[in-house]
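Novice: Contents are compact mmCIF, C-alpha atoms and all ligand atoms; file name work30.txt:
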# COMPACT_ATOMS: atom_id res chain seq x y z
CA MET A 17 66.98 -16.58 155.61
CA VAL A 18 67.84 -14.74 152.44
CA PHE A 19 70.67 -17.23 151.96
CA LEU A 20 68.28 -20.15 152.46
CA ALA A 21 65.80 -18.79 149.90
CA PHE A 22 68.69 -18.28 147.49
CA ALA A 23 69.91 -21.80 148.08
CA ILE A 24 66.44 -23.23 147.49
CA LEU A 25 65.92 -21.14 144.37
CA TYR A 26 69.33 -21.82 142.90
CA GLY A 27 69.98 -25.20 144.42
CA HIS A 28 69.16 -26.86 141.14
CA SER A 29 71.65 -24.86 139.08
CA ALA A 30 74.28 -25.32 141.81
CA ARG A 31 73.80 -29.07 141.43
CA ALA A 32 74.03 -28.76 137.67
CA GLU A 33 77.57 -27.49 138.08
CA GLU A 34 78.68 -30.69 139.73
CA PRO A 35 81.03 -32.54 137.37
CA ILE A 36 79.38 -35.16 135.23
CA ARG A 37 80.62 -38.50 136.51
CA ILE A 38 81.82 -40.88 133.82
CA ARG A 39 82.74 -44.33 135.11
CA PHE A 40 84.78 -46.35 132.60
CA SER A 41 85.05 -50.01 133.50
CA HIS A 42 87.07 -52.69 131.71
CA VAL A 43 88.48 -56.13 132.43
CA VAL A 44 92.15 -55.96 131.45
CA ALA A 45 95.38 -54.62 132.93
CA GLU A 46 96.36 -50.94 132.70
CA GLY A 47 99.45 -51.65 130.60
CA THR A 48 97.41 -53.09 127.70
CA PRO A 49 96.11 -51.18 124.65
CA LYS A 50 92.63 -50.88 126.18
CA GLY A 51 93.98 -50.02 129.63
CA GLN A 52 96.07 -47.23 128.12
CA ALA A 53 93.19 -45.96 125.96
CA ALA A 54 90.95 -45.72 129.02
CA LEU A 55 93.57 -43.64 130.87
CA ALA A 56 94.09 -41.45 127.78
CA PHE A 57 90.32 -40.91 127.59
CA LYS A 58 90.31 -39.70 131.20
CA ARG A 59 93.33 -37.44 130.68
CA GLU A 60 92.07 -35.85 127.47
CA ALA A 61 88.44 -35.49 128.56
CA GLU A 62 89.40 -33.77 131.80
CA LYS A 63 91.92 -31.59 129.96
CA ARG A 64 89.33 -30.39 127.44
CA LEU A 65 86.35 -30.16 129.75
CA GLY A 66 88.00 -29.10 133.02
CA THR A 67 85.70 -29.50 135.98
CA LYS A 68 82.65 -30.26 133.82
CA VAL A 69 83.45 -33.99 133.86
CA ARG A 70 85.12 -36.41 136.21
CA VAL A 71 86.26 -39.67 134.61
CA GLU A 72 86.87 -42.67 136.88
CA VAL A 73 88.65 -45.63 135.30
CA TYR A 74 88.19 -49.11 136.79
CA PRO A 75 90.58 -51.67 135.20
CA ASN A 76 90.95 -55.43 135.77
CA GLY A 77 87.23 -56.04 136.28
CA THR A 78 87.35 -54.27 139.66
CA LEU A 79 83.93 -52.70 139.07
CA PHE A 80 82.19 -55.14 136.71
CA SER A 81 83.15 -58.37 134.94
CA ASP A 82 82.27 -59.62 131.45
CA ALA A 83 79.14 -61.26 132.83
CA ASP A 84 77.52 -58.20 134.39
CA GLU A 85 78.98 -55.12 132.69
CA MET A 86 76.38 -54.69 129.94
CA ALA A 87 73.49 -54.90 132.40
CA ALA A 88 75.32 -52.33 134.54
CA LEU A 89 75.65 -49.99 131.55
CA LEU A 90 71.97 -50.25 130.70
CA GLY A 91 71.08 -49.86 134.37
CA GLY A 92 73.07 -46.60 134.69
CA LYS A 93 75.69 -48.06 137.05
CA VAL A 94 78.58 -47.33 134.69
CA GLU A 95 78.84 -44.93 131.76
CA ILE A 96 81.51 -46.38 129.46
CA LEU A 97 82.68 -49.90 128.66
CA ALA A 98 84.92 -51.28 125.94
CA PRO A 99 84.11 -54.99 125.65
CA SER A 100 85.70 -57.08 122.96
CA LEU A 101 83.45 -57.29 119.91
CA SER A 102 82.90 -60.99 120.58
CA LYS A 103 80.95 -60.10 123.70
CA PHE A 104 78.17 -58.19 121.90
CA GLU A 105 76.50 -61.29 120.43
CA PRO A 106 73.36 -60.95 122.56
CA TYR A 107 72.85 -57.41 121.19
CA THR A 108 73.79 -57.65 117.52
CA LYS A 109 74.89 -60.40 115.16
CA LYS A 110 76.67 -57.94 112.86
CA LEU A 111 79.82 -57.58 114.94
CA ARG A 112 80.38 -61.31 114.51
CA VAL A 113 82.13 -60.41 111.28
CA PHE A 114 85.26 -59.63 113.32
CA ASP A 115 85.36 -63.13 114.80
CA LEU A 116 85.40 -64.98 111.49
CA PRO A 117 88.79 -66.72 111.39
CA PHE A 118 91.25 -65.58 108.71
CA LEU A 119 88.85 -62.97 107.32
CA PHE A 120 91.09 -59.96 107.91
CA ASP A 121 94.71 -59.88 106.75
CA GLY A 122 95.75 -57.76 109.72
CA VAL A 123 95.12 -54.62 111.74
CA ARG A 124 95.60 -52.24 108.78
CA ALA A 125 92.79 -53.97 106.90
CA ILE A 126 90.62 -53.71 109.99
CA ASP A 127 91.33 -49.99 110.18
CA ARG A 128 90.23 -49.54 106.57
CA PHE A 129 87.07 -51.55 107.16
CA GLN A 130 86.16 -49.73 110.39
CA ASN A 131 86.67 -46.33 108.78
CA GLY A 132 84.69 -47.20 105.66
CA PRO A 133 80.88 -46.88 105.35
CA ALA A 134 80.12 -50.49 106.37
CA GLY A 135 82.35 -50.28 109.45
CA LEU A 136 81.08 -46.88 110.57
CA ALA A 137 77.48 -48.06 110.28
CA LEU A 138 78.31 -50.76 112.85
CA LEU A 139 78.68 -48.09 115.53
CA GLY A 140 74.91 -47.71 115.40
CA ALA A 141 74.09 -51.42 115.25
CA MET A 142 72.80 -51.55 118.84
CA THR A 143 71.01 -48.21 119.27
CA ASP A 144 67.65 -49.97 119.26
CA ARG A 145 68.89 -51.85 122.33
CA GLY A 146 69.89 -48.61 124.10
CA ILE A 147 73.62 -49.02 123.38
CA ARG A 148 75.60 -46.41 121.47
CA GLY A 149 78.91 -47.33 119.85
CA LEU A 150 81.43 -44.52 120.38
CA ALA A 151 84.68 -45.76 118.84
CA PHE A 152 86.53 -48.92 117.90
CA LEU A 153 89.81 -49.70 119.64
CA HIS A 154 92.42 -52.21 118.60
CA ASN A 155 94.17 -54.75 120.70
CA GLY A 156 95.81 -56.90 118.03
CA MET A 157 95.66 -60.24 116.26
CA LYS A 158 95.04 -63.39 118.31
CA GLN A 159 97.55 -66.21 118.69
CA MET A 160 97.03 -69.77 119.96
CA ILE A 161 98.64 -70.73 123.24
CA ALA A 162 98.73 -74.14 124.90
CA THR A 163 100.41 -76.47 127.35
CA ARG A 164 101.82 -78.39 124.36
CA PRO A 165 103.11 -77.28 120.96
CA LEU A 166 100.35 -76.64 118.39
CA ARG A 167 101.87 -76.80 114.95
CA ARG A 168 98.97 -78.28 113.05
CA PRO A 169 95.25 -77.72 113.59
CA GLU A 170 94.73 -81.34 114.66
CA ASN A 171 97.07 -80.76 117.62
CA LEU A 172 94.13 -79.02 119.31
CA ARG A 173 91.95 -82.12 119.10
CA GLY A 174 90.50 -83.06 122.48
CA LEU A 175 92.08 -80.13 124.34
CA ALA A 176 90.00 -78.02 126.73
CA VAL A 177 90.17 -74.56 125.18
CA ARG A 178 89.09 -71.35 126.88
CA LEU A 179 87.10 -68.95 124.77
CA GLN A 180 85.12 -65.76 125.07
CA ASP A 181 81.35 -66.04 125.20
CA SER A 182 80.87 -66.29 121.42
CA ASP A 183 79.09 -68.75 119.14
CA VAL A 184 81.47 -67.98 116.27
CA ILE A 185 84.55 -68.72 118.36
CA GLU A 186 82.93 -71.84 119.72
CA ALA A 187 82.25 -73.04 116.15
CA GLN A 188 85.87 -72.26 115.26
CA PHE A 189 87.19 -74.46 118.06
CA ARG A 190 84.68 -77.22 117.36
CA ALA A 191 85.88 -77.22 113.75
CA LEU A 192 89.33 -77.96 115.17
CA GLY A 193 88.02 -80.81 117.33
CA ALA A 194 88.73 -79.03 120.63
CA ASN A 195 86.49 -78.93 123.70
CA PRO A 196 85.38 -75.31 124.06
CA VAL A 197 85.08 -73.86 127.57
CA ARG A 198 83.46 -70.41 127.74
CA LEU A 199 84.96 -68.35 130.54
CA ASP A 200 84.91 -64.74 131.65
CA PHE A 201 88.31 -63.13 131.25
CA ALA A 202 88.60 -62.65 135.02
CA ARG A 203 88.44 -66.42 135.55
CA VAL A 204 90.98 -67.50 132.96
CA GLY A 205 94.06 -67.07 135.17
CA GLU A 206 92.73 -69.47 137.76
CA ALA A 207 91.61 -72.00 135.12
CA VAL A 208 95.08 -71.91 133.53
CA GLU A 209 96.74 -72.26 136.93
CA LYS A 210 94.60 -75.30 137.83
CA GLY A 211 95.07 -76.86 134.39
CA ALA A 212 91.31 -76.71 133.79
CA VAL A 213 92.00 -75.24 130.35
CA GLU A 214 94.89 -76.48 128.24
CA ALA A 215 94.78 -73.94 125.44
CA GLN A 216 93.29 -70.60 124.46
CA GLU A 217 93.59 -67.78 121.96
CA ASN A 218 94.54 -64.23 122.80
CA THR A 219 96.79 -61.35 121.83
CA TRP A 220 100.44 -61.02 122.85
CA SER A 221 99.36 -58.20 125.13
CA ASN A 222 96.66 -60.12 126.99
CA ILE A 223 98.86 -63.22 127.25
CA ALA A 224 101.84 -61.33 128.67
CA SER A 225 99.91 -59.01 130.98
CA GLN A 226 98.18 -62.00 132.59
CA GLY A 227 101.29 -64.20 132.53
CA PHE A 228 99.41 -67.03 130.76
CA HIS A 229 102.65 -68.03 129.00
CA LYS A 230 104.21 -68.97 132.34
CA ARG A 231 101.89 -72.01 132.55
CA GLN A 232 101.01 -72.51 128.91
CA ARG A 233 104.50 -72.49 127.42
CA HIS A 234 103.82 -72.77 123.68
CA VAL A 235 102.47 -69.92 121.58
CA THR A 236 101.64 -70.49 117.91
CA GLU A 237 101.76 -67.34 115.83
CA THR A 238 98.53 -67.79 113.86
CA ASN A 239 97.25 -64.19 113.70
CA HIS A 240 93.96 -65.85 112.81
CA ALA A 241 91.52 -63.17 113.96
CA PRO A 242 91.53 -59.80 115.66
CA LEU A 243 90.73 -58.88 119.23
CA GLU A 244 88.93 -55.59 118.79
CA TYR A 245 86.91 -53.46 121.16
CA LEU A 246 84.00 -51.09 120.93
CA MET A 247 83.76 -48.25 123.41
CA VAL A 248 80.07 -48.03 124.24
CA THR A 249 77.78 -45.94 126.36
CA SER A 250 74.04 -46.05 126.89
CA THR A 251 71.95 -43.93 124.53
CA ARG A 252 70.19 -42.63 127.65
CA PHE A 253 73.43 -41.29 129.17
CA TRP A 254 74.76 -39.93 125.86
CA ASP A 255 71.52 -38.11 125.03
CA SER A 256 71.43 -36.59 128.52
CA LEU A 257 74.78 -34.81 128.04
CA PRO A 258 74.94 -31.10 127.17
CA ALA A 259 75.73 -30.72 123.46
CA LEU A 260 79.07 -29.04 124.14
CA VAL A 261 80.22 -31.87 126.39
CA ARG A 262 79.21 -34.42 123.76
CA LEU A 263 81.09 -32.51 121.08
CA ASN A 264 84.25 -32.34 123.17
CA LEU A 265 84.03 -36.03 124.03
CA GLU A 266 83.74 -36.81 120.32
CA VAL A 267 86.99 -34.91 119.69
CA VAL A 268 88.64 -36.86 122.52
CA LEU A 269 87.39 -40.16 121.09
CA THR A 270 88.89 -39.34 117.69
CA LYS A 271 92.23 -38.52 119.25
CA ILE A 272 92.47 -41.58 121.46
CA THR A 273 91.41 -43.87 118.62
CA LEU A 274 94.22 -42.56 116.44
CA ASP A 275 96.78 -42.82 119.24
CA ASN A 276 95.57 -46.31 120.18
CA ALA A 277 96.36 -47.71 116.73
CA ASP A 278 100.12 -47.11 117.04
CA LEU A 279 100.29 -47.85 120.73
CA ALA A 280 98.46 -51.17 120.38
CA ALA A 281 100.95 -52.37 117.76
CA GLU A 282 103.88 -51.24 119.89
CA LEU A 283 102.58 -52.90 123.07
CA ASN A 284 101.91 -56.18 121.27
CA ASP A 285 105.43 -56.21 119.77
CA GLN A 286 106.91 -55.46 123.16
CA ASP A 287 104.86 -58.23 124.80
CA ARG A 288 105.80 -60.73 122.11
CA ARG A 289 109.46 -60.08 123.00
CA ARG A 290 108.68 -60.36 126.70
CA ILE A 291 107.03 -63.77 126.19
CA GLN A 292 110.06 -64.96 124.24
CA LYS A 293 112.42 -63.61 126.89
CA ASP A 294 110.46 -65.47 129.57
CA GLY A 295 111.40 -68.67 127.75
CA ALA A 296 108.06 -69.64 126.21
CA GLU A 297 108.27 -71.30 122.81
CA ILE A 298 107.03 -69.17 119.91
CA ILE A 299 106.06 -71.35 116.99
CA ARG A 300 106.23 -69.59 113.63
CA LEU A 301 104.27 -71.30 110.89
CA SER A 302 105.27 -71.69 107.26
CA GLN A 303 102.76 -70.51 104.62
CA GLY A 304 101.88 -74.15 104.03
CA GLU A 305 101.19 -74.81 107.71
CA LEU A 306 99.16 -71.64 108.01
CA ALA A 307 97.08 -72.74 105.03
CA LEU A 308 96.09 -75.88 106.96
CA TRP A 309 94.79 -73.79 109.88
CA ARG A 310 92.92 -71.58 107.45
CA GLN A 311 91.37 -74.58 105.68
CA ALA A 312 90.26 -76.12 108.97
CA MET A 313 88.66 -72.90 110.27
CA GLU A 314 87.19 -71.23 107.20
CA PRO A 315 84.01 -73.38 107.03
CA VAL A 316 82.83 -71.29 110.00
CA TRP A 317 82.21 -68.37 107.60
CA ARG A 318 79.48 -70.18 105.70
CA ARG A 319 77.57 -71.04 108.84
CA PHE A 320 77.41 -67.44 110.07
CA GLU A 321 77.08 -65.65 106.75
CA PRO A 322 73.25 -65.49 106.80
CA GLU A 323 73.26 -63.66 110.15
CA ILE A 324 76.21 -61.38 109.49
CA GLY A 325 75.25 -60.60 105.91
CA LYS A 326 77.23 -61.30 102.74
CA ASP A 327 77.53 -57.56 102.06
CA LEU A 328 79.39 -57.02 105.35
CA ILE A 329 81.72 -59.98 104.77
CA ASP A 330 82.45 -58.72 101.25
CA ALA A 331 83.20 -55.22 102.59
CA ALA A 332 85.62 -56.75 105.09
CA LEU A 333 87.33 -58.79 102.36
CA ALA A 334 87.62 -55.73 100.14
CA ALA A 335 89.50 -53.94 102.95
CA ASN A 336 92.24 -56.58 102.71
CA THR A 337 93.13 -55.84 99.16
CA ARG A 338 93.36 -52.04 98.98
C1 LIG A 401 89.05 -61.89 126.53
O1 LIG A 401 88.04 -62.19 127.16
O2 LIG A 401 89.95 -62.70 126.26
C2 LIG A 401 89.23 -60.47 126.07
O3 LIG A 401 88.04 -60.03 125.51
C3 LIG A 401 89.61 -59.60 127.22
C4 LIG A 401 89.77 -58.17 126.79
O4 LIG A 401 88.94 -57.35 127.12
O5 LIG A 401 90.79 -57.91 126.11
Using the file provided, produce a representation of the structure as structure tokens.
Ligand code: LMR
Specialist:
Amino acid sequence: MVFLAFAILYGHSARAEEPIRIRFSHVVAEGTPKGQAALAFKREAEKRLGTKVRVEVYPNGTLFSDADEMAALLGGKVEILAPSLSKFEPYTKKLRVFDLPFLFDGVRAIDRFQNGPAGLALLGAMTDRGIRGLAFLHNGMKQMIATRPLRRPENLRGLAVRLQDSDVIEAQFRALGANPVRLDFARVGEAVEKGAVEAQENTWSNIASQGFHKRQRHVTETNHAPLEYLMVTSTRFWDSLPALVRLNLEVVLTKITLDNADLAAELNDQDRRRIQKDGAEIIRLSQGELALWRQAMEPVWRRFEPEIGKDLIDAALAANTR
């Protein structure tokens, strides 16, 4: 009886000691930069916070896919996601800056931009929609890949090209005369297999980890835009956390972001070699050839500048030259 009264009285605080469950869902393989960052987040968070948190990582879209993950986050069915920045278009137009072709010189410039005032402010771009940006993560620069060699921009004309769900990327491929096909990442493998898409853009890491190069045998090294991620949570979940847990998670986020930068570069280099070793053709472009791709794709900037903001585009450009 005494025990029962105790249990009723203290039942609430006993429950409060249950670990806080943090489900982290993403759509790529574990051996990719994002897959590794998710595992590092789990390892470091549980190391720092002991039994206060339990992090469950769900890779390869096993919990949610591109199409339903944001609704799941806002509905409290998952606590952390790291979608590519292209997938936030319904929530903010600002992150479109990362999709503008040939805006950033490379990942170092992106680092400078993300760590400067304009980049850091982007973490809060979706708080009014209940989404809190926690940290940017790199994958790497995107390359073109196709069933036939793409040396010049006009080689894409008339090809069915898979793309992420993004107006900017669609405009980019329309500028090249291709037929854009928007597809969730989880469905790309099957579309490539069936020949329903003849070309696409992605990083060395995503190409190799999905084996796209085994069907689409020609990769053109364009490095035309980055594939970047934003780790996000819901403001509701984040604000519900005890302050000490939040503080520790912030330390973890800083650490994994720093580690991810080197690891992402390493994994992409490694996967570039793997693609070459598997016998796919890697087409390196001369400066002159690259200039043709740039010329064909750059008009996309003007179209999206009013929504993104000239100030943000200028800040991104300034990060190239420091
Ligand atoms: C894609 O859809 O190609 C990428 O955004 C997948 C990812 O998360 O890297």
Novice: Can you pull out every residue within 7 Å of Leu246 in chain A, counting only C-alpha atoms, but drop anything in the same chain fewer than 5 positions away, and send it as a ChimeraX atom specification?
Specialist: /A:98-101,149,151-153
Novice: For the selection just defined, write its residues with C-alpha atoms to a file, as a compact mmCIF listing (two decimals), in the coordinates of the input.
Specialist:
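Produced file selection-v1.txt, reproduced below:
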# COMPACT_ATOMS: atom_id res chain seq x y z
CA ALA A 98 84.92 -51.28 125.94
CA PRO A 99 84.11 -54.99 125.65
CA SER A 100 85.70 -57.08 122.96
CA LEU A 101 83.45 -57.29 119.91
CA GLY A 149 78.91 -47.33 119.85
CA ALA A 151 84.68 -45.76 118.84
CA PHE A 152 86.53 -48.92 117.90
CA LEU A 153 89.81 -49.70 119.64
Novice: Distance CA of Asn195 in chain A-CA of Arg168 in chain A, one decimal place?
Specialist: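 Separating CA of Asn195 in chain A from CA of Arg168 in chain A is a distance of 16.4 Å.
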Novice: Could you pull the residues within 7 Å of range 290-296 of chain A, counting only C-alpha atoms, minus those fewer than 6 positions along the same chain, as a PDB file with C-alpha atoms, keeping the file's coordinate frame?
Specialist:
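So the final result, stored in result22.pdb, reads:
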ATOM      1  CA  ALA A 224     101.840 -61.330 128.670  1.00  0.00           C
ATOM      2  CA  HIS A 229     102.650 -68.030 129.000  1.00  0.00           C
ATOM      3  CA  ARG A 233     104.500 -72.490 127.420  1.00  0.00           C
ATOM      4  CA  HIS A 234     103.820 -72.770 123.680  1.00  0.00           C
TER       5      HIS A 234
END
Novice: Which residues are near Asp127 in chain A? Cut-off 12 Å, all atoms listed in the file, ignore same chain within fewer than 2 positions. Put them as a VMD selection string.
Specialist: chain A and resid 114 120 to 125 129 to 136 151 to 156 242 244 273 to 274 276 to 278 332 335 to 336 338
Novice: Let me make sure I understand: among A:Leu199, A:Leu308, A:Ile38, A:Ala176, which one has the smallest atom-to-atom distance to ligand LIG 401 (chain A) if we use only C-alpha atoms and all ligand atoms?
Specialist: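 Counting only C-alpha atoms and all ligand atoms, the residue closest to ligand LIG 401 (chain A) is A:Leu199.
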Novice: If I take CA of Leu279 in chain A and CA of Pro49 in chain A, how far is one from the other in Å, to one decimal?
Specialist: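 Between CA of Leu279 in chain A and CA of Pro49 in chain A the gap is 6.6 Å.
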Novice: The centre and edge lengths of an axis-aligned box containing all atoms of range 31-40 of chain A present in the file, extended by 4 Å on each side, are to be given in Å to one decimal, as JSON.
Specialist:
{"center_x": 79.3, "center_y": -36.9, "center_z": 137.0, "size_x": 19.0, "size_y": 26.9, "size_z": 16.8}
Novice: Please, what distance in Å, to one decimal, runs between CA of Ala215 in chain A and CA of Val177 in chain A?
Specialist: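 Taking CA of Ala215 in chain A as the start and CA of Val177 in chain A as the end point, the length is 4.7 Å.
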